[in-house]
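Q: Contents of data-v1.csv (CSV, C-alpha atoms):
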```
chain,number,residue,atom,x,y,z
A,754,MET,CA,53.2,-14.3,-125.4
A,755,GLY,CA,52.4,-16.0,-122.1
A,756,LYS,CA,54.8,-17.7,-119.8
A,757,ILE,CA,52.8,-20.9,-120.1
A,758,SER,CA,52.0,-22.4,-123.5
A,759,ASN,CA,48.6,-23.9,-124.3
A,760,GLU,CA,50.3,-27.3,-124.6
A,761,ASP,CA,51.6,-27.1,-121.1
A,762,LEU,CA,48.3,-25.9,-119.8
A,763,ILE,CA,46.5,-28.8,-121.6
A,764,LYS,CA,49.0,-31.2,-120.0
A,765,LYS,CA,48.5,-29.8,-116.5
A,766,ILE,CA,44.7,-29.9,-116.8
A,767,SER,CA,44.7,-33.4,-118.3
A,768,ASP,CA,47.0,-34.8,-115.6
A,769,LYS,CA,44.7,-33.5,-112.9
A,770,PHE,CA,41.2,-34.2,-114.5
A,771,HIS,CA,42.0,-36.9,-117.1
A,772,ASP,CA,39.0,-37.3,-119.3
A,773,GLN,CA,36.7,-35.0,-117.4
A,774,VAL,CA,37.9,-32.0,-119.3
A,775,THR,CA,38.3,-32.2,-123.1
A,776,LEU,CA,39.9,-29.8,-125.6
A,777,SER,CA,37.4,-28.3,-128.0
A,778,GLY,CA,39.7,-26.0,-129.9
A,779,GLU,CA,42.1,-23.1,-129.9
A,780,PRO,CA,40.4,-20.3,-131.9
A,781,PHE,CA,42.8,-17.4,-132.3
A,782,GLY,CA,45.1,-19.0,-129.8
A,783,LEU,CA,42.5,-19.0,-127.0
A,784,LEU,CA,42.5,-22.4,-125.4
A,785,THR,CA,38.9,-23.7,-125.2
A,786,MET,CA,37.9,-26.7,-123.1
A,787,GLU,CA,34.7,-28.5,-122.2
A,788,THR,CA,33.7,-30.1,-118.9
A,789,GLY,CA,30.6,-31.2,-117.1
A,790,ARG,CA,28.5,-29.3,-114.5
A,791,GLU,CA,29.7,-31.8,-111.8
A,792,GLN,CA,33.3,-30.8,-112.3
A,793,ILE,CA,33.1,-27.1,-113.2
A,794,ILE,CA,33.7,-25.8,-109.7
A,795,ASP,CA,36.7,-28.2,-109.2
A,796,VAL,CA,38.2,-27.1,-112.5
A,797,LEU,CA,37.7,-23.4,-111.8
A,798,SER,CA,39.1,-23.8,-108.3
A,799,TYR,CA,42.1,-25.7,-109.6
A,800,LEU,CA,42.8,-23.1,-112.3
A,801,LYS,CA,42.5,-20.3,-109.7
A,802,ASN,CA,44.5,-21.8,-106.9
A,803,GLU,CA,47.2,-23.7,-108.6
A,804,PRO,CA,50.4,-21.7,-107.9
A,805,VAL,CA,51.8,-22.2,-111.4
A,806,LEU,CA,48.6,-21.3,-113.3
A,807,GLN,CA,47.0,-18.5,-111.1
A,808,PHE,CA,43.9,-17.8,-113.2
A,809,ILE,CA,42.8,-15.4,-110.6
A,810,TYR,CA,40.8,-13.0,-112.9
A,811,LEU,CA,37.3,-14.0,-113.9
A,812,THR,CA,36.8,-12.0,-117.1
A,813,ASP,CA,33.3,-13.1,-118.0
A,814,ILE,CA,30.5,-15.7,-117.5
A,815,THR,CA,27.9,-15.9,-120.2
A,816,ALA,CA,25.9,-18.4,-122.2
A,817,ILE,CA,25.0,-19.5,-125.7
A,818,HIS,CA,22.0,-21.1,-127.2
A,819,TYR,CA,22.3,-23.7,-130.0
A,820,PRO,CA,18.7,-25.0,-130.3
A,821,GLU,CA,19.7,-27.7,-132.9
A,822,GLN,CA,22.1,-29.4,-130.5
A,823,GLU,CA,21.3,-32.2,-128.0
A,824,LYS,CA,22.5,-30.0,-125.2
A,825,PRO,CA,21.5,-26.5,-126.4
A,826,ILE,CA,22.5,-24.2,-123.5
A,827,GLY,CA,26.2,-23.6,-123.0
A,828,VAL,CA,27.6,-21.7,-120.0
A,829,ILE,CA,31.0,-20.1,-120.8
A,830,TYR,CA,33.6,-19.0,-118.4
A,831,HIS,CA,36.6,-16.8,-119.5
A,832,LEU,CA,39.6,-16.7,-117.2
A,833,HIS,CA,42.8,-14.8,-117.3
A,834,SER,CA,46.1,-15.5,-115.6
A,835,LEU,CA,47.6,-12.1,-115.1
A,836,VAL,CA,50.9,-13.6,-113.9
A,837,ASN,CA,51.3,-15.8,-117.0
A,838,ASN,CA,49.4,-13.5,-119.4
A,839,VAL,CA,47.3,-16.5,-120.6
A,840,ARG,CA,43.5,-16.8,-121.1
A,841,ILE,CA,41.3,-19.9,-121.1
A,842,CYS,CA,37.7,-20.5,-122.0
A,843,LEU,CA,35.7,-23.2,-120.3
A,844,LYS,CA,32.3,-24.4,-121.6
A,845,VAL,CA,29.6,-26.5,-119.9
A,846,PHE,CA,26.7,-27.6,-122.1
A,847,LEU,CA,23.3,-28.3,-120.5
A,848,ALA,CA,20.1,-30.0,-121.6
A,849,ASP,CA,17.2,-27.6,-122.2
A,850,GLY,CA,14.9,-28.9,-119.4
A,851,ASP,CA,17.8,-29.0,-116.9
A,852,VAL,CA,19.7,-25.7,-116.9
A,853,HIS,CA,21.1,-25.9,-113.3
A,854,ILE,CA,24.8,-25.3,-112.7
A,855,PRO,CA,26.7,-24.6,-109.4
A,856,THR,CA,27.5,-20.9,-108.7
A,857,ALA,CA,31.0,-19.6,-109.1
A,858,THR,CA,30.4,-16.9,-106.4
A,859,VAL,CA,32.1,-19.3,-104.0
A,860,LEU,CA,35.4,-18.5,-105.9
A,861,TRP,CA,34.8,-15.0,-107.2
A,862,ASN,CA,32.5,-12.4,-105.7
A,863,GLY,CA,32.4,-10.7,-109.1
A,864,ALA,CA,30.6,-13.8,-110.5
A,865,ASN,CA,27.4,-12.5,-108.8
A,866,TRP,CA,26.5,-9.9,-111.4
A,867,MET,CA,27.6,-12.1,-114.4
A,868,GLU,CA,25.5,-15.0,-113.2
A,869,ARG,CA,22.5,-12.8,-112.7
A,870,GLU,CA,22.9,-11.5,-116.2
A,871,THR,CA,23.2,-15.0,-117.6
A,872,TYR,CA,20.1,-16.1,-115.7
A,873,ASP,CA,18.2,-13.0,-116.9
A,874,PHE,CA,19.0,-13.5,-120.6
A,875,PHE,CA,19.4,-17.3,-121.0
A,876,GLY,CA,17.5,-18.8,-118.0
A,877,VAL,CA,20.5,-20.6,-116.6
A,878,ILE,CA,19.9,-21.3,-112.9
A,879,PHE,CA,23.0,-21.0,-110.7
A,880,ASP,CA,22.5,-23.3,-107.7
A,881,GLY,CA,23.8,-21.7,-104.5
A,882,HIS,CA,23.8,-18.1,-105.9
A,883,PRO,CA,23.1,-15.6,-103.0
A,884,ASP,CA,20.6,-13.4,-105.0
A,885,LEU,CA,19.6,-15.0,-108.3
A,886,ARG,CA,17.0,-12.7,-109.8
A,887,ARG,CA,16.6,-10.6,-112.9
A,888,ILE,CA,19.1,-7.7,-113.2
A,889,LEU,CA,18.4,-6.0,-116.5
A,890,ASN,CA,14.9,-7.0,-117.6
A,891,VAL,CA,11.7,-6.4,-115.8
A,892,ASP,CA,10.9,-8.8,-113.0
A,893,ASP,CA,7.6,-10.1,-114.4
A,894,MET,CA,9.2,-11.0,-117.8
A,895,THR,CA,8.5,-14.7,-118.6
A,896,ALA,CA,10.9,-15.2,-121.5
A,897,HIS,CA,14.7,-15.1,-121.7
A,898,PRO,CA,15.4,-12.8,-124.6
A,899,MET,CA,18.8,-14.1,-125.8
A,900,ARG,CA,17.5,-17.6,-126.5
A,901,LYS,CA,16.8,-18.3,-130.1
A,902,GLU,CA,13.2,-19.2,-129.5
A,903,PHE,CA,11.6,-16.3,-131.4
A,904,PRO,CA,12.0,-15.0,-134.9
A,905,LEU,CA,14.4,-12.0,-135.3
A,906,GLU,CA,11.7,-9.9,-136.9
A,907,ASP,CA,8.0,-9.8,-136.8
A,908,PRO,CA,6.7,-11.6,-139.9
A,909,ASN,CA,3.7,-9.3,-140.0
A,910,ARG,CA,5.7,-6.1,-140.6
A,911,VAL,CA,4.8,-4.5,-143.9
A,912,ASP,CA,7.5,-1.9,-144.1
A,913,LYS,CA,10.2,-4.5,-144.8
A,914,LYS,CA,8.5,-6.0,-147.9
A,915,ASP,CA,10.6,-6.1,-151.1
A,916,TYR,CA,8.1,-4.2,-153.2
A,917,PHE,CA,8.7,-1.1,-151.1
A,918,PHE,CA,12.4,-1.1,-152.3
A,919,GLY,CA,11.8,-1.9,-156.0
A,920,ARG,CA,12.7,-5.5,-155.7
```
Kindly return the structure encoded in the file as structure tokens.
A:
Amino acid sequence: MGKISNEDLIKKISDKFHDQVTLSGEPFGLLTMETGREQIIDVLSYLKNEPVLQFIYLTDITAIHYPEQEKPIGVIYHLHSLVNNVRICLKVFLADGDVHIPTATVLWNGANWMERETYDFFGVIFDGHPDLRRILNVDDMTAHPMRKEFPLEDPNRVDKKDYFFGR
């Protein structure tokens, strides 16, 4: 159990950012909040530098793609306060044609690799990133493979037909 409860954390963030940060849930006790791209660096900086909170460890930056939503691309930040033994998840949702978000490398050097991976797989452009280019896929690849734009399997495959399995 952490030294700071989720309720206290919500109160501190709400007092500082008012309606710019909203609670989206607490799955399995993990406080999950949403904010906009204009506030993300301010929120991350506050969580990292606030003496009571000290979310100094950036666990992960990744993205999700929900093609049916109005803003289908979500950038997700996972932070950990080692002092308080508390974790928080921050989400920023972006419109499909406008996937720009400020870089977190100004706060954590370790964000460099995570942002490059997120760019590579989801196409999120981190403005101000020192070296934003593909990191795991080939450089001349035009698609972003983790987006749900393509069918999971080739519809022309014949080895997956039911009659091969007696169905």
Q: Mind giving me the straight-line distance from atom CA of Val796 of chain A to atom CA of Leu783 of chain A in Å, one decimal?
A: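 The value is 17.2 Å.
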Q: For atom CA of Ile757 of chain A and atom CA of Leu843 of chain A, determine how far apart the two atoms are, in Å to one decimal place.
A: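 A separation of 17.3 Å between them.
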Q: Around the point (39.9, -19.6, -112.3) in the file's coordinates, collect all residues with an atom within 12 Å, using all atoms listed in the file, and return them as a ChimeraX atom specification.
A: /A:793-804,806-814,830-835,839-843,857-861,864
Q: Generate the output file for the selected residues, C-alpha atoms, as a short mmCIF file (atom, residue, chain, number, x, y, z; two decimals), keeping the file's coordinate frame.
A:
```cif
data_model
loop_
_atom_site.label_atom_id
_atom_site.label_comp_id
_atom_site.auth_asym_id
_atom_site.auth_seq_id
_atom_site.Cartn_x
_atom_site.Cartn_y
_atom_site.Cartn_z
CA ILE A 793 33.10 -27.10 -113.20
CA ILE A 794 33.70 -25.80 -109.70
CA ASP A 795 36.70 -28.20 -109.20
CA VAL A 796 38.20 -27.10 -112.50
CA LEU A 797 37.70 -23.40 -111.80
CA SER A 798 39.10 -23.80 -108.30
CA TYR A 799 42.10 -25.70 -109.60
CA LEU A 800 42.80 -23.10 -112.30
CA LYS A 801 42.50 -20.30 -109.70
CA ASN A 802 44.50 -21.80 -106.90
CA GLU A 803 47.20 -23.70 -108.60
CA PRO A 804 50.40 -21.70 -107.90
CA LEU A 806 48.60 -21.30 -113.30
CA GLN A 807 47.00 -18.50 -111.10
CA PHE A 808 43.90 -17.80 -113.20
CA ILE A 809 42.80 -15.40 -110.60
CA TYR A 810 40.80 -13.00 -112.90
CA LEU A 811 37.30 -14.00 -113.90
CA THR A 812 36.80 -12.00 -117.10
CA ASP A 813 33.30 -13.10 -118.00
CA ILE A 814 30.50 -15.70 -117.50
CA TYR A 830 33.60 -19.00 -118.40
CA HIS A 831 36.60 -16.80 -119.50
CA LEU A 832 39.60 -16.70 -117.20
CA HIS A 833 42.80 -14.80 -117.30
CA SER A 834 46.10 -15.50 -115.60
CA LEU A 835 47.60 -12.10 -115.10
CA VAL A 839 47.30 -16.50 -120.60
CA ARG A 840 43.50 -16.80 -121.10
CA ILE A 841 41.30 -19.90 -121.10
CA CYS A 842 37.70 -20.50 -122.00
CA LEU A 843 35.70 -23.20 -120.30
CA ALA A 857 31.00 -19.60 -109.10
CA THR A 858 30.40 -16.90 -106.40
CA VAL A 859 32.10 -19.30 -104.00
CA LEU A 860 35.40 -18.50 -105.90
CA TRP A 861 34.80 -15.00 -107.20
CA ALA A 864 30.60 -13.80 -110.50
#
```
Q: Find the residues around Asp873 of chain A up to 12 Å (all atoms listed in the file counted), leave out those fewer than 3 positions away in its own chain, and share them as a list in words.
A: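 In the requested format, the answer is Thr815, Ala816, Trp866, Met867, Glu868, Arg869, Glu870, Gly876, Val877, Ile878, Phe879, Leu885, Arg886, Arg887, Ile888, Leu889, Asn890, Val891, Asp892, Asp893, Met894, Thr895, Ala896, His897, Pro898, Met899 and Arg900 of chain A.
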Q: With distances taken over all atoms listed in the file, which residue among A:Ile826, A:Pro780, A:Val805, A:Tyr916 lies nearest Ile766 of chain A?
A: A:Val805
Q: Please tell me which residues are no farther than 12 Å from (52.6, -23.7, -123.5) in the file, counting only C-alpha atoms, and write them as a list of chain:residue names.
A: A:Met754, A:Gly755, A:Lys756, A:Ile757, A:Ser758, A:Asn759, A:Glu760, A:Asp761, A:Leu762, A:Ile763, A:Lys764, A:Lys765, A:Gly782, A:Leu783, A:Leu784, A:Leu806, A:Asn837, A:Asn838, A:Val839, A:Arg840
